[in-house]
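Notes for the one structure printed next.
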Amino acid sequence: MKRILIGLIVAAVLAAGGWFGFNLYAKHRATAEVETAFEQMRSGGGKASHGKITFELTTRTLTIENINVEPAQPELGNVKIAKVTAVGVRQPDQAHFAADGIEVSGVEVAFTYTERTKLKANYKIPQITARDFFGPTRAASAQLSGSIIDMYRFMLAQYATVSASSIVAPAITVNVDAGTGNPGSGDFVYSGLAVQNVNRGKIETAKTDRITFSLDVAQPGKPSKMTGELSGLAAYDFDASAVMAALDPQGSSDDGFHKIYRRISANSYTVTMAPGVRVQFDNFAIDDIAIRPSKFRLAEIMALMPADGSIPTPAQSRDMIEKVADFFEGFQIGKAEIGKQTVETPQGTGKLNAVKYDQDKISLEGLDLPMPQGQLKMERFALKSFSAANLMRWAASLRTPGQPPSPDQMLGLFRVLEGAEIKGVVSPYKNTRQLITIDTISLNWGQLVGSIPSKANLVVKMVTPTDPSNPAQRPLIMAGVDKLAIDLDLGAAWTESSGAFALAPATIDLGNLAKAQARFALANVPRGLFTTTDPMEAMSEMAQVETGAIELSLRDSGVVDLIVAQFSRMQNVSRDAARSAIAEMIRAQGEKVTAANLDAKAAVDALAGFVETSGQTLTIKLTPLGKVPVLQLVDALNSEPIVALAQFRIEASTGL
């Protein structure tokens with residue numbers, strides 16, 4: 001029994017010795033691995049040091065204190081960490097390690113950017129916690145030239161090699177120093193940063209509770225601060241692979257669009273600028289953000305501005321706009337919406353309910369804006385087929401030093417958009433207390449031939465006050481008409497196969513005055529009329545155009561009584577006498593026309609009868625008797641109107 005007891009004691013002592021020996025070996029192994037990683041940093045010409053390293057075998061907990069890294073490339077930033085504690089550390093293979101959890105405390109990172117201007121940024125992160133971490137034992141290599149683009153590319157390369165179920169940083173503070181007297185210096189504070197499901201360059205969600213900032217801004221004659229707060233910022237389904245391809249210094253031939261975010265959203269955003277100026281967005285969301293690596297060349301955009309800060313020449317400006325347009329062609333979003341916006345100024349408060357973008361349509365909704373004459377309200381303003389890239393290219397085409405834009409350059413706007421719409425406008429009219437109200441103004445165009453649309457439609461529905469200062473409107477005011485209700489519908493289209501151009505219908509309804517409608521057709525309209533901007537060539541093409549049928553109608557809703565009342569006042573006669581006198585004048589003048597064209601008598605009689613009885617509709621139809629070139633008709637109307645009318649069969653009628 002005694003021997004058995006002694007044997008057990010010896011076995012226990014040997015086991016304990018083996019345990020402590022293995023624990024020391026494990027600690028030595030862990031220390032060696034850490035030192036190897038630090039030596040890799042030093043081999044690049046930088047400095048890297050650490051303090052005490054401990055390893056607890058039972059929980060496989062590795063602790064490293066007082067880490068200090070100063071890379072040879074200053075754009076990567078100096079890093080200081082008070083303590084790193086990794087629990088459940090293991091090494092699945094020679095190139096990777098894993099941990100159940102990592103706690104990092106006392107993090108300080110200092111970046112210095114000197115590529116075009118000197119800028120310093122210092123990050124302080126009291127605590128970072130990662131769960132279910134997996135990553136490489138060595139940092140990913142990347143070519144570095146000293147640019148901020150290389151820094152982004154290097155960081156993305158490291159990020160693409162790790163995974164974690166969550167990464168949390170309760171607070172991050174950032175101080176930016178742009179130099180004494182320069183705008184851009186300030187402080188940022190991030191609260192409640194939480195990242196979920198990081199997987200080798202992809203993130204399921206990244207959220208922060210709040211971001212606050214205070215920035216120095218340029219203000220002539222005095223310094224000024226801009227402060228703001230962004231709450232509830234969240235990003236979903238981020239994929240870094242397309243971004244890394246776009247940042248490749250050798251460029252990328254990938255011309256397809258790749259989604260980098262499914263959605264970016266925020267609950268609210270508030271900015272306070274000059275005293276009394278405050279801007280607030282209730283919320284915003286951007287969906288399906290994608291980039292085209294072959295076009296999304298961020299490095300080229302950052303290199304556009306002259307390094308010495310000088311003003312770009314016109315040629316440089318055009319080149320810059322062209323490259324920025326290419327950059328926008330490499331960026332795509334599915335849809336976006338900014339919620340209610342409020343702008344507070346000393347002059348008043350402006351509000352906008354929403355800004356929406358969907359594929360290629362952009363709209364502003366619910367505008368309420370203070371103006372010196374009163375409040376401007378607008379229900380909706382929309383642009384159709386909007387393209388930022390095309391708009392910038394068109395703007396660049398207008399910049400010709402010493403020369404105004406050519407007609408062809410101005411017509412290029414038709415290629416930028418396909419239409420515009422305004423709805424529900426109420427606006428003060430000049431300095432009066434009256435209002436202009438717009439129900440709808442809608443303009444659409446398409447089927448471009450050259451720079452000119454061959455199809456268009458204009459709809460206008462509005463009410464405008466009559467203007468006492470306008471001599472042409474004084475008869476209306478004297479007759480008691482204080483506003484005009486305008487209802488316009490104008491459609492036009494050209495058919496290339498037949499060469500026919502039709503305006504049908506063109507309708508204008510002046511509310512309680514009259515409603516007019518016109519239809520006319522042109523034949524043999526050549527394609528060249530739409531493609532040329534040279535006046536002489538246009539006249540040559542126009543010589544081929546022939547006049548088609550013309551139909552006019554006028555519905556009296558009060559305009560006849562208005563004319564009669566005005567004539568009555570001018571002649572100081574009764575209204576019945578005035579009406580009869582006007583009809584007789586029409587018949588007398590018409591005798592000169594009917595002598596040369598008997599068909600015109602029907603039109604003269606119809607017009608006289610239209611005046612004699614209120615509330616009628618006058619209809620006149622002109623049909624060409626043969627080929628009537630438009631240019632010859634215009635010349636004849638200017639010199640001999642009677643001869644011009646003789647080329648048409650005239651039909652006229654009136655009816656209630």
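Each chain in the structure tokens gets a letter, A, B, ..., in the order shown, and its residues are numbered from 1; ligands are numbered from 1 in order too.
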- Message: I'd like the contact shell of stretch 246-250 of chain A - 10 Å cut-off, only C-alpha atoms, skipping same-chain residues fewer than 3 positions apart - returned as a ChimeraX atom specification.
- Response: /A:143-145,149-150,152-153,156,240-243,253-254,291-299,330
- Item | Within 8 Å of A:Gln375 using only C-alpha atoms, minus same-chain residues under 4 positions, as a count of residues only | 6
- How many Å lie between atom CA of A:Leu562 and atom CA of A:Arg575, rounded to one decimal? 10.3 Å
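Remark: for A:Ala479, the closest of the candidate residues A:Val198, A:Ala581, A:Val628, A:Val559 is A:Val559 (distances computed over only C-alpha atoms).
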- Going by DSSP on the backbone, which bits of stretch 161-368 of chain A are strand (DSSP E or B)? Write them as a VMD selection string, please. chain A and resid 163 to 177 186 to 199 202 to 217 224 to 239 258 to 266 268 to 272 278 to 281 284 to 291 331 to 338 341 to 345 348 to 358 361 to 368
Store the residues picked out above, limited to C-alpha atoms, as a tab-separated table (two decimals), in the first residue's frame.
```tsv
chain	number	residue	atom	x	y	z
A	163	SER	CA	-14.63	36.96	-40.43
A	164	ALA	CA	-16.55	37.49	-37.19
A	165	SER	CA	-20.12	37.06	-35.99
A	166	SER	CA	-20.03	40.56	-34.48
A	167	ILE	CA	-17.74	43.54	-33.91
A	168	VAL	CA	-18.85	46.22	-31.44
A	169	ALA	CA	-17.30	49.60	-30.54
A	170	PRO	CA	-19.42	51.58	-28.04
A	171	ALA	CA	-17.63	54.86	-28.79
A	172	ILE	CA	-15.19	56.28	-31.35
A	173	THR	CA	-13.84	59.83	-31.37
A	174	VAL	CA	-12.04	61.37	-34.34
A	175	ASN	CA	-10.11	64.63	-34.44
A	176	VAL	CA	-9.20	66.10	-37.83
A	177	ASP	CA	-6.52	68.80	-38.10
A	186	GLY	CA	-13.08	69.34	-36.46
A	187	ASP	CA	-14.27	66.50	-34.27
A	188	PHE	CA	-16.47	63.47	-34.89
A	189	VAL	CA	-18.02	61.17	-32.27
A	190	TYR	CA	-19.48	57.77	-33.19
A	191	SER	CA	-21.71	56.09	-30.61
A	192	GLY	CA	-22.90	52.48	-30.56
A	193	LEU	CA	-21.13	51.06	-33.62
A	194	ALA	CA	-22.19	47.43	-34.17
A	195	VAL	CA	-21.23	45.20	-37.11
A	196	GLN	CA	-22.90	41.82	-37.63
A	197	ASN	CA	-21.70	38.80	-39.62
A	198	VAL	CA	-18.44	39.87	-41.20
A	199	ASN	CA	-17.34	37.27	-43.76
A	202	LYS	CA	-18.84	41.05	-46.82
A	203	ILE	CA	-20.95	42.55	-44.01
A	204	GLU	CA	-24.54	41.66	-43.30
A	205	THR	CA	-25.30	44.79	-41.25
A	206	ALA	CA	-23.36	47.74	-39.84
A	207	LYS	CA	-25.15	50.21	-37.58
A	208	THR	CA	-24.32	53.16	-35.39
A	209	ASP	CA	-26.68	54.80	-32.91
A	210	ARG	CA	-25.40	58.34	-33.43
A	211	ILE	CA	-22.69	60.39	-35.15
A	212	THR	CA	-22.07	63.97	-34.04
A	213	PHE	CA	-19.57	66.38	-35.56
A	214	SER	CA	-18.25	69.91	-35.35
A	215	LEU	CA	-16.25	71.34	-38.27
A	216	ASP	CA	-14.45	74.58	-39.04
A	217	VAL	CA	-15.76	76.07	-42.29
A	224	SER	CA	-17.32	79.69	-38.35
A	225	LYS	CA	-18.44	76.30	-37.10
A	226	MET	CA	-20.73	73.72	-38.65
A	227	THR	CA	-22.23	71.16	-36.29
A	228	GLY	CA	-24.42	68.19	-36.97
A	229	GLU	CA	-25.88	64.90	-35.81
A	230	LEU	CA	-26.71	61.75	-37.78
A	231	SER	CA	-28.76	59.12	-35.96
A	232	GLY	CA	-29.59	55.53	-36.79
A	233	LEU	CA	-27.15	55.15	-39.70
A	234	ALA	CA	-27.26	51.59	-41.04
A	235	ALA	CA	-25.73	49.73	-44.01
A	236	TYR	CA	-26.87	46.32	-45.22
A	237	ASP	CA	-25.16	43.60	-47.27
A	238	PHE	CA	-21.88	45.33	-48.08
A	239	ASP	CA	-19.54	43.58	-50.56
A	258	HIS	CA	-21.76	44.89	-59.05
A	259	LYS	CA	-23.83	45.64	-55.98
A	260	ILE	CA	-21.81	46.97	-53.02
A	261	TYR	CA	-24.74	47.82	-50.71
A	262	ARG	CA	-28.29	46.53	-50.60
A	263	ARG	CA	-29.36	49.53	-48.55
A	264	ILE	CA	-28.01	52.52	-46.63
A	265	SER	CA	-30.43	54.35	-44.35
A	266	ALA	CA	-30.60	56.78	-41.43
A	268	SER	CA	-32.44	61.65	-39.01
A	269	TYR	CA	-29.75	64.15	-39.95
A	270	THR	CA	-29.38	67.66	-38.56
A	271	VAL	CA	-26.84	70.35	-39.52
A	272	THR	CA	-26.43	73.82	-38.00
A	278	ARG	CA	-30.41	74.87	-39.44
A	279	VAL	CA	-31.09	71.99	-41.85
A	280	GLN	CA	-32.87	68.81	-40.79
A	281	PHE	CA	-33.67	65.57	-42.68
A	284	PHE	CA	-33.25	58.82	-45.83
A	285	ALA	CA	-32.73	55.48	-47.57
A	286	ILE	CA	-30.73	54.43	-50.65
A	287	ASP	CA	-31.30	50.98	-52.17
A	288	ASP	CA	-29.28	48.74	-54.48
A	289	ILE	CA	-26.03	50.70	-54.75
A	290	ALA	CA	-23.73	49.29	-57.42
A	291	ILE	CA	-20.51	50.31	-59.17
A	331	PHE	CA	-22.16	54.47	-60.12
A	332	GLN	CA	-25.74	53.24	-59.99
A	333	ILE	CA	-28.54	53.18	-57.46
A	334	GLY	CA	-31.91	51.48	-57.73
A	335	LYS	CA	-33.90	54.04	-55.80
A	336	ALA	CA	-33.48	56.60	-53.05
A	337	GLU	CA	-35.72	58.67	-50.84
A	338	ILE	CA	-35.03	61.53	-48.46
A	341	GLN	CA	-36.54	68.27	-44.86
A	342	THR	CA	-36.63	71.55	-42.99
A	343	VAL	CA	-34.38	74.57	-43.58
A	344	GLU	CA	-34.56	77.26	-40.91
A	345	THR	CA	-33.10	80.69	-41.77
A	348	GLY	CA	-38.17	82.00	-42.52
A	349	THR	CA	-38.51	78.23	-42.60
A	350	GLY	CA	-38.62	76.19	-45.79
A	351	LYS	CA	-39.95	72.64	-45.91
A	352	LEU	CA	-39.80	69.78	-48.38
A	353	ASN	CA	-41.70	66.56	-47.71
A	354	ALA	CA	-39.57	64.23	-49.83
A	355	VAL	CA	-36.95	63.86	-52.55
A	356	LYS	CA	-37.33	60.61	-54.49
A	357	TYR	CA	-35.20	58.90	-57.12
A	358	ASP	CA	-36.31	55.70	-58.85
A	361	LYS	CA	-36.73	59.64	-62.43
A	362	ILE	CA	-36.15	62.26	-59.75
A	363	SER	CA	-38.85	64.23	-57.97
A	364	LEU	CA	-39.31	66.83	-55.23
A	365	GLU	CA	-42.56	66.64	-53.29
A	366	GLY	CA	-44.32	68.99	-50.88
A	367	LEU	CA	-42.24	72.18	-51.16
A	368	ASP	CA	-43.19	75.05	-48.83
```
- Message: With only C-alpha atoms as the counted atoms, please give the residues lying no more than 10 Å from A:Leu529, apart from itself and same-chain residues fewer than 5 positions off, as a PyMOL selection string.
- Response: chain A and resi 449-450+452+534+537-542+544-545
Kindly export the residues of the current selection with N, CA, C and O atoms, as a PDB file, in the first residue's frame.
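Writing done, so here's again.pdb:
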```pdb
ATOM      1  N   VAL A 449     -34.275  62.936 -83.344  1.00  0.00           N
ATOM      2  CA  VAL A 449     -33.605  62.846 -84.634  1.00  0.00           C
ATOM      3  C   VAL A 449     -32.518  63.905 -84.605  1.00  0.00           C
ATOM      4  O   VAL A 449     -32.800  65.099 -84.605  1.00  0.00           O
ATOM      5  N   GLY A 450     -31.268  63.465 -84.540  1.00  0.00           N
ATOM      6  CA  GLY A 450     -30.203  64.411 -84.256  1.00  0.00           C
ATOM      7  C   GLY A 450     -30.350  64.889 -82.827  1.00  0.00           C
ATOM      8  O   GLY A 450     -30.393  64.096 -81.893  1.00  0.00           O
ATOM      9  N   ILE A 452     -32.944  67.002 -82.003  1.00  0.00           N
ATOM     10  CA  ILE A 452     -34.290  67.572 -81.904  1.00  0.00           C
ATOM     11  C   ILE A 452     -35.320  66.458 -81.744  1.00  0.00           C
ATOM     12  O   ILE A 452     -35.318  65.482 -82.503  1.00  0.00           O
ATOM     13  N   ASP A 534     -27.801  74.468 -89.099  1.00  0.00           N
ATOM     14  CA  ASP A 534     -27.373  75.560 -89.965  1.00  0.00           C
ATOM     15  C   ASP A 534     -28.608  76.228 -90.580  1.00  0.00           C
ATOM     16  O   ASP A 534     -29.432  75.558 -91.212  1.00  0.00           O
ATOM     17  N   GLU A 537     -29.116  75.581 -94.398  1.00  0.00           N
ATOM     18  CA  GLU A 537     -29.514  74.204 -94.678  1.00  0.00           C
ATOM     19  C   GLU A 537     -30.953  73.966 -94.242  1.00  0.00           C
ATOM     20  O   GLU A 537     -31.716  73.249 -94.911  1.00  0.00           O
ATOM     21  N   ALA A 538     -31.336  74.557 -93.103  1.00  0.00           N
ATOM     22  CA  ALA A 538     -32.707  74.396 -92.617  1.00  0.00           C
ATOM     23  C   ALA A 538     -33.710  74.985 -93.610  1.00  0.00           C
ATOM     24  O   ALA A 538     -34.774  74.393 -93.870  1.00  0.00           O
ATOM     25  N   MET A 539     -33.396  76.151 -94.206  1.00  0.00           N
ATOM     26  CA  MET A 539     -34.295  76.759 -95.198  1.00  0.00           C
ATOM     27  C   MET A 539     -34.393  75.881 -96.439  1.00  0.00           C
ATOM     28  O   MET A 539     -35.471  75.746 -97.032  1.00  0.00           O
ATOM     29  N   SER A 540     -33.274  75.252 -96.823  1.00  0.00           N
ATOM     30  CA  SER A 540     -33.285  74.365 -97.981  1.00  0.00           C
ATOM     31  C   SER A 540     -34.168  73.147 -97.723  1.00  0.00           C
ATOM     32  O   SER A 540     -34.935  72.723 -98.605  1.00  0.00           O
ATOM     33  N   GLU A 541     -34.075  72.588 -96.512  1.00  0.00           N
ATOM     34  CA  GLU A 541     -34.916  71.443 -96.154  1.00  0.00           C
ATOM     35  C   GLU A 541     -36.380  71.864 -96.042  1.00  0.00           C
ATOM     36  O   GLU A 541     -37.286  71.135 -96.446  1.00  0.00           O
ATOM     37  N   MET A 542     -36.603  73.068 -95.515  1.00  0.00           N
ATOM     38  CA  MET A 542     -37.964  73.556 -95.314  1.00  0.00           C
ATOM     39  C   MET A 542     -38.678  73.776 -96.642  1.00  0.00           C
ATOM     40  O   MET A 542     -39.912  73.685 -96.723  1.00  0.00           O
ATOM     41  N   GLN A 544     -38.973  71.869 -98.992  1.00  0.00           N
ATOM     42  CA  GLN A 544     -39.636  70.645 -99.443  1.00  0.00           C
ATOM     43  C   GLN A 544     -40.970  70.407 -98.725  1.00  0.00           C
ATOM     44  O   GLN A 544     -41.774  69.583 -99.160  1.00  0.00           O
ATOM     45  N   VAL A 545     -41.211  71.116 -97.632  1.00  0.00           N
ATOM     46  CA  VAL A 545     -42.374  70.847 -96.794  1.00  0.00           C
ATOM     47  C   VAL A 545     -43.636  71.432 -97.433  1.00  0.00           C
ATOM     48  O   VAL A 545     -43.642  72.572 -97.912  1.00  0.00           O
TER      49      VAL A 545
END
```
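When atom CA of A:Asn524 is paired with atom CA of A:Pro624, their separation reads 14.3 Å.
As for atom CA of A:Leu607 and atom CA of A:Ile586, they are spaced 7.5 Å apart.
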- Write out as an MDAnalysis selection string which residues come within 8 Å of A:Ala523 when counting only C-alpha atoms, dropping same-chain ones fewer than 2 positions away. chainID A and resid 499:501 521 525 545:548
Would you save the residues from that selection as a short mmCIF file (atom, residue, chain, number, x, y, z; two decimals), in the first residue's frame, using N, CA and C atoms?
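This went into selection-v8.cif:
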```
data_model
loop_
_atom_site.label_atom_id
_atom_site.label_comp_id
_atom_site.auth_asym_id
_atom_site.auth_seq_id
_atom_site.Cartn_x
_atom_site.Cartn_y
_atom_site.Cartn_z
N GLY A 499 -43.15 60.90 -93.72
CA GLY A 499 -42.76 62.31 -93.77
C GLY A 499 -43.83 63.25 -93.30
N ALA A 500 -44.86 62.72 -92.61
CA ALA A 500 -45.97 63.55 -92.16
C ALA A 500 -45.70 64.10 -90.76
N PHE A 501 -46.08 65.36 -90.57
CA PHE A 501 -45.98 66.01 -89.26
C PHE A 501 -47.38 66.48 -88.89
N ALA A 521 -51.63 69.73 -90.40
CA ALA A 521 -50.71 68.69 -90.83
C ALA A 521 -49.75 69.26 -91.87
N VAL A 525 -42.12 66.20 -94.89
CA VAL A 525 -41.15 66.81 -93.96
C VAL A 525 -39.89 65.93 -93.94
N VAL A 545 -41.21 71.12 -97.63
CA VAL A 545 -42.37 70.85 -96.79
C VAL A 545 -43.64 71.43 -97.43
N GLU A 546 -44.71 70.63 -97.40
CA GLU A 546 -45.98 71.05 -97.98
C GLU A 546 -47.04 71.18 -96.88
N THR A 547 -47.97 72.11 -97.11
CA THR A 547 -49.05 72.35 -96.15
C THR A 547 -50.14 71.30 -96.31
N GLY A 548 -50.62 70.79 -95.16
CA GLY A 548 -51.74 69.85 -95.17
C GLY A 548 -53.01 70.54 -94.72
#
```
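With only C-alpha atoms as the atoms that count, the minimum distance from A:Leu645 to the choices A:Ser252, A:Ser185, A:Thr161, A:Thr594 is reached by A:Thr594.
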- Item | Close residues, stretch 609-613 of chain A itself excluded, 9 Å, only C-alpha atoms, min 4 positions apart in chain, as a list of chain:residue names | A:Asp556, A:Val560, A:Asp561, A:Val564, A:Arg579, A:Ser580, A:Ile582, A:Ala583, A:Val604, A:Asp605, A:Thr617, A:Leu618, A:Thr654, A:Gly655
- Message: Measuring between only C-alpha atoms, which one of A:Arg393, A:Asn457, A:Pro405, A:Phe133 shows the shortest distance to A:Ala420?
- Response: A:Asn457
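Around A:Thr619, within 10 Å and counting only C-alpha atoms, the residues found are A:Ala516, A:Gln517, A:Ala518, A:Glu551, A:Leu552, A:Ser553, A:Leu554, A:Arg555, A:Ala603, A:Ala606, A:Leu607, A:Phe610, A:Gln616, A:Thr617, A:Lys621, A:Glu651, A:Ala652, A:Ser653, A:Thr654, A:Gly655, once anything fewer than 2 positions away on its own chain is removed.
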- Shell around A:Lys83 at 7 Å using only C-alpha atoms, local window under 3 positions removed, as a VMD selection string: chain A and resid 64 to 66 104 to 106
